[in-house]
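Chemist: Just passing along the structure, written as structure tokens.
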Amino acid sequence: MQVVATKMKFSILSSGVLALIATLIIWSSYFVALRSGAQSSLTSFDMALLRFIFPAILLSPVLYRSRGKIYQLKKRYLLGIMVGAGLPFYLLSVIASGNVQAVIGSLLVPGVAPVFVTVLAVCFYRERLAKRRVAGLGTVLLGISLLMAENYSAQSSSALFGSLLYLLAAACWAVYTVSVKLAKLSSLEIAALLNISAATGLLVVAPLGVFETNLKVVAWQQILPQLVVMGIFCGLVAVITYGHAINKLGAEMSACWGAMTPVLVAILAFVILKESLQITTIAAMLLITVGGVCANFKLK
């Protein structure tokens with residue numbers, strides 16, 4: 001019996017780890033595609049449409065079947081999911097990506113989100129703040145300060161503005177991570193709720209002419225990568241894999257390994273976007289990554 005139980009535990013752990021690895025790869029592509037889209041002729045509204053509409057259509061039957069279960073959940077968990085990784089989060093990321101490098105976004109979202117997850121756990125769920133967490137949080141804050149100081153000293157108001165928006169996006173993502181864990185929805189249900197709520201918001205405002213759109217004049221070579229990376233992988237696959245990882249490994253462990261994303265983004269951004277890194281950015285990357293892991297990694 002003990003052998004069987006050990007095998008089952010290993011199987012669950014393995015599926016969670018594999019899901020998390022897939023999520024990290026997609027996240028890395030996400031920030032590069034985000035930066036690439038911001039440098040194209042696509043507007044923020046166009047990118048949001050490409051991100052949410054296709055997954056929303058595919059997942060509408062899931063939401064319909066699970067409507068009773070979702071309706072019974074506490075509304076703050078539903079709101080945390082819809083806002084934390086939905087349209088507000090995405091628009092913050094899109095606007096920010098037009099002002100700073102892709103690696104900055106990866107530092108200030110998955111890199112800093114573990115800090116916010118820890119803060120939520122301590123403030124709202126009265127978890128004990130261990131010494132390693134204090135050390136980790138301090139290291140991450142040092143990295144953030146270094147990064148913000150670099151943007152400020154460069155006298156670039158747009159870079160500083162983009163960094164601040166990414167910090168807000170990181171706070172949203174932390175709320176999403178905790179909400180997913182507490183809501184106890186399946187990965188498909190999370191993906192359905194997230195994408196359909198965002199797509200509905202976009203369709204409501206589309207006829208009002210509040211946002212500009214260039215979809216009719218933009219070449220398909222610019223549209224297709226956004227649709228595949230954002231719509232299919234980020235909008236559908238990553239939501240499912242990250243939700244599975246959270247359910248199997250826990251919110252803090254998932255957020256912890258999300259802090260490794262900047263390293264992958266830096267490599268992809270250099271190869272695809274030809275973005276080079278300043279020494280200050282590299283130092284901030286090391287501080288934020290190490291601090292995020294230290295603050296959330298639990299030794300058994």
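By convention here, the chains of the structure tokens are called A, B, ... in the order presented, each chain's residues are numbered starting at 1, and ligands are numbered starting at 1 in the order presented.
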Listing only residues of segment 52-122 of chain A within 8 Å of segment 26-36 of chain A, what is the closest atom pair and its distance in Å (to one decimal) for each, using only C-alpha atoms, sorted by chain and residue number ascending, as JSON lines?

Modeler:
{"residue": "A:Ser93", "atom": "CA", "partner": "A:Leu34", "partner_atom": "CA", "distance": 7.8}
{"residue": "A:Val94", "atom": "CA", "partner": "A:Leu34", "partner_atom": "CA", "distance": 6.4}
{"residue": "A:Ser97", "atom": "CA", "partner": "A:Arg35", "partner_atom": "CA", "distance": 5.2}
{"residue": "A:Gly98", "atom": "CA", "partner": "A:Arg35", "partner_atom": "CA", "distance": 6.5}
{"residue": "A:Gln101", "atom": "CA", "partner": "A:Arg35", "partner_atom": "CA", "distance": 7.0}
{"residue": "A:Ala102", "atom": "CA", "partner": "A:Phe31", "partner_atom": "CA", "distance": 5.4}
{"residue": "A:Val103", "atom": "CA", "partner": "A:Phe31", "partner_atom": "CA", "distance": 7.4}
{"residue": "A:Gly105", "atom": "CA", "partner": "A:Phe31", "partner_atom": "CA", "distance": 6.7}
{"residue": "A:Ser106", "atom": "CA", "partner": "A:Phe31", "partner_atom": "CA", "distance": 6.5}

Chemist: Write a file of the just-selected residues containing C-alpha atoms, as a tab-separated table (two decimals), in the first residue's frame.

Modeler:
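Result file is again_28.tsv:
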chain	number	residue	atom	x	y	z
A	93	SER	CA	0.71	44.39	-19.92
A	94	VAL	CA	0.07	45.55	-23.50
A	97	SER	CA	5.16	46.44	-23.28
A	98	GLY	CA	5.19	49.41	-25.62
A	101	GLN	CA	11.93	45.74	-23.06
A	102	ALA	CA	10.39	42.28	-22.95
A	103	VAL	CA	12.73	41.13	-20.18
A	105	GLY	CA	8.04	42.72	-18.19
A	106	SER	CA	9.14	39.21	-17.29

Chemist: Would you list the contacts of Leu164 of chain A as a list in words, taking every protein, DNA or RNA residue within 10 Å and counting only C-alpha atoms, but skipping same-chain residues closer than 4 positions in sequence?

Modeler: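 The residues that qualify are Leu92, Ala96, Leu108, Met148, Ser158, Ala159, Leu160, Leu168, Ala169 and Ala170 of chain A.
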
Chemist: Can you write out the residues you just picked, keeping C-alpha atoms, as a JSON list (two decimals), in the first residue's frame?

Modeler:
[["chain", "number", "residue", "atom", "x", "y", "z"],
["A", 92, "LEU", "CA", -1.84, 46.76, -18.39],
["A", 96, "ALA", "CA", 3.53, 48.56, -20.55],
["A", 108, "LEU", "CA", 8.14, 42.66, -13.02],
["A", 148, "MET", "CA", 13.35, 51.33, -11.30],
["A", 158, "SER", "CA", 7.89, 56.13, -20.75],
["A", 159, "ALA", "CA", 10.18, 53.42, -19.36],
["A", 160, "LEU", "CA", 9.32, 54.37, -15.79],
["A", 168, "LEU", "CA", 0.37, 46.67, -11.16],
["A", 169, "ALA", "CA", 0.05, 43.70, -13.52],
["A", 170, "ALA", "CA", 2.18, 41.63, -11.12]]

Chemist: Which residues, written as an NGL selection string, have at least one atom at most 8 Å from segment 46-62 of chain A, with only C-alpha atoms counted and residues fewer than 4 positions away on the same chain left out?

Modeler: :A and (37 or 42 or 66 or 87 or 90-91 or 94 or 188-189 or 191-192 or 195-196 or 198-199 or 202 or 213-215 or 223 or 226-227 or 230-232 or 234-236)

Chemist: For C-alpha atoms, I'd like the residues from the last selection saved as a PDB file, in the first residue's frame.

Modeler:
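This is the output file part-v5.pdb:
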ATOM      1  CA  GLY A  37       2.926  43.162 -31.050  1.00  0.00           C
ATOM      2  CA  LEU A  42      -1.730  46.382 -34.014  1.00  0.00           C
ATOM      3  CA  SER A  66     -20.207  24.496 -15.118  1.00  0.00           C
ATOM      4  CA  LEU A  87      -8.751  41.942 -19.570  1.00  0.00           C
ATOM      5  CA  TYR A  90      -3.731  42.064 -20.250  1.00  0.00           C
ATOM      6  CA  LEU A  91      -4.315  45.725 -21.093  1.00  0.00           C
ATOM      7  CA  VAL A  94       0.071  45.547 -23.499  1.00  0.00           C
ATOM      8  CA  LEU A 188     -10.757  24.200 -18.148  1.00  0.00           C
ATOM      9  CA  GLU A 189     -13.300  26.007 -15.974  1.00  0.00           C
ATOM     10  CA  ALA A 191      -9.768  29.100 -18.691  1.00  0.00           C
ATOM     11  CA  ALA A 192     -13.429  29.399 -19.712  1.00  0.00           C
ATOM     12  CA  ASN A 195     -11.407  34.152 -21.490  1.00  0.00           C
ATOM     13  CA  ILE A 196     -15.180  34.495 -21.839  1.00  0.00           C
ATOM     14  CA  ALA A 198     -12.666  39.233 -21.122  1.00  0.00           C
ATOM     15  CA  ALA A 199     -14.098  38.556 -24.585  1.00  0.00           C
ATOM     16  CA  LEU A 202     -14.348  43.549 -25.525  1.00  0.00           C
ATOM     17  CA  THR A 213      -8.523  48.994 -34.427  1.00  0.00           C
ATOM     18  CA  ASN A 214      -6.216  48.281 -37.357  1.00  0.00           C
ATOM     19  CA  LEU A 215      -7.127  44.646 -37.953  1.00  0.00           C
ATOM     20  CA  ILE A 223      -1.807  38.852 -36.923  1.00  0.00           C
ATOM     21  CA  GLN A 226      -0.374  36.971 -32.022  1.00  0.00           C
ATOM     22  CA  LEU A 227      -3.327  34.656 -32.613  1.00  0.00           C
ATOM     23  CA  MET A 230      -1.536  34.766 -27.401  1.00  0.00           C
ATOM     24  CA  GLY A 231      -4.851  33.222 -28.352  1.00  0.00           C
ATOM     25  CA  ILE A 232      -4.052  29.520 -28.381  1.00  0.00           C
ATOM     26  CA  CYS A 234      -1.390  31.830 -23.664  1.00  0.00           C
ATOM     27  CA  GLY A 235      -5.163  32.068 -23.762  1.00  0.00           C
ATOM     28  CA  LEU A 236      -5.889  28.366 -23.605  1.00  0.00           C
TER      29      LEU A 236
END

Chemist: Enumerate the residues of segment 102-162 of chain A with a DSSP assignment of helix (DSSP H, G or I), computed from the backbone, and present them as a ChimeraX atom specification.

Modeler: /A:102-108,113-125,131-153,157-162

Chemist: State, in Å with one decimal place, the distance from atom CA of Cys172 of chain A to atom CA of Ala113 of chain A.

Modeler: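 Between atom CA of Cys172 of chain A and atom CA of Ala113 of chain A the gap is 8.4 Å.
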
Chemist: Counting only C-alpha atoms, which residue out of A:Val204, A:Ile288, A:Val180, A:Leu147 sits closest to Pro110 of chain A?

Modeler: A:Ile288

Chemist: Please determine, counting only C-alpha atoms, which residue among A:Ile21, A:Leu73, A:Cys294, A:Ile104 has the shortest atom-to-atom distance to Val265 of chain A.

Modeler: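 Ranking A:Ile21, A:Leu73, A:Cys294, A:Ile104 by distance to Val265 of chain A, first place goes to A:Ile104.
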
Chemist: Considering only C-alpha atoms, can you say which of A:Ile70, A:Leu182, A:Val217, A:Val293 comes closest to Leu194 of chain A?

Modeler: A:Ile70

Chemist: So the first atom is atom CA of Lys184 of chain A and the second is atom CA of Val112 of chain A; what is the distance between them in Å, to one decimal place?

Modeler: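 Computing the Euclidean distance for atom CA of Lys184 of chain A and atom CA of Val112 of chain A yields 23.9 Å.
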
Chemist: Can you measure atom CA of Thr23 of chain A to atom CA of Lys274 of chain A for me? One decimal in Å is fine.

Modeler: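 Computing it gives 23.6 Å between the two atoms.
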
Chemist: Using only C-alpha atoms for the distances, tell me which of A:Ile95, A:Trp220, A:Ser179, A:Ile272 is nearest to Ala121 of chain A.

Modeler: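 Closest to Ala121 of chain A, using only C-alpha atoms: A:Ser179.
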
Chemist: Segment 127-140 of chain A: which residues within 7 Å, counting only C-alpha atoms, same-chain residues fewer than 5 positions away excluded, as a PDB file with C-alpha atoms, in the first residue's frame?

Modeler:
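Saved as out17.pdb:
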ATOM      1  CA  VAL A 115       6.334  38.647  -3.503  1.00  0.00           C
ATOM      2  CA  ALA A 121      -0.676  34.907   2.376  1.00  0.00           C
ATOM      3  CA  VAL A 122       0.712  36.823   5.368  1.00  0.00           C
ATOM      4  CA  LEU A 287      18.327  39.611  -7.406  1.00  0.00           C
ATOM      5  CA  ILE A 288      14.633  39.236  -8.299  1.00  0.00           C
ATOM      6  CA  GLY A 291      14.783  36.539  -4.000  1.00  0.00           C
ATOM      7  CA  GLY A 292      11.561  35.139  -5.460  1.00  0.00           C
ATOM      8  CA  CYS A 294      14.038  32.188  -1.558  1.00  0.00           C
ATOM      9  CA  ALA A 295      10.778  33.806  -0.457  1.00  0.00           C
ATOM     10  CA  ASN A 296       8.558  30.977  -1.671  1.00  0.00           C
TER      11      ASN A 296
END

Chemist: Which residue out of A:Leu203, A:Val109, A:Leu264, A:Ala219 has the minimum interatomic distance to Leu165 of chain A when only C-alpha atoms are used?

Modeler: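 Closest to Leu165 of chain A, using only C-alpha atoms: A:Val109.
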
Chemist: Select, from A:Trp173, A:Phe270, A:Tyr242, A:Phe161, the residue with the minimum atom-to-atom distance to Phe116 of chain A, counting only C-alpha atoms.

Modeler: A:Trp173

Chemist: With only C-alpha atoms as the counted atoms, please give the residues lying no more than 8 Å from Ser186 of chain A, apart from itself and same-chain residues fewer than 3 positions off, as a VMD selection string.

Modeler: chain A and resid 189 to 190 243 to 244
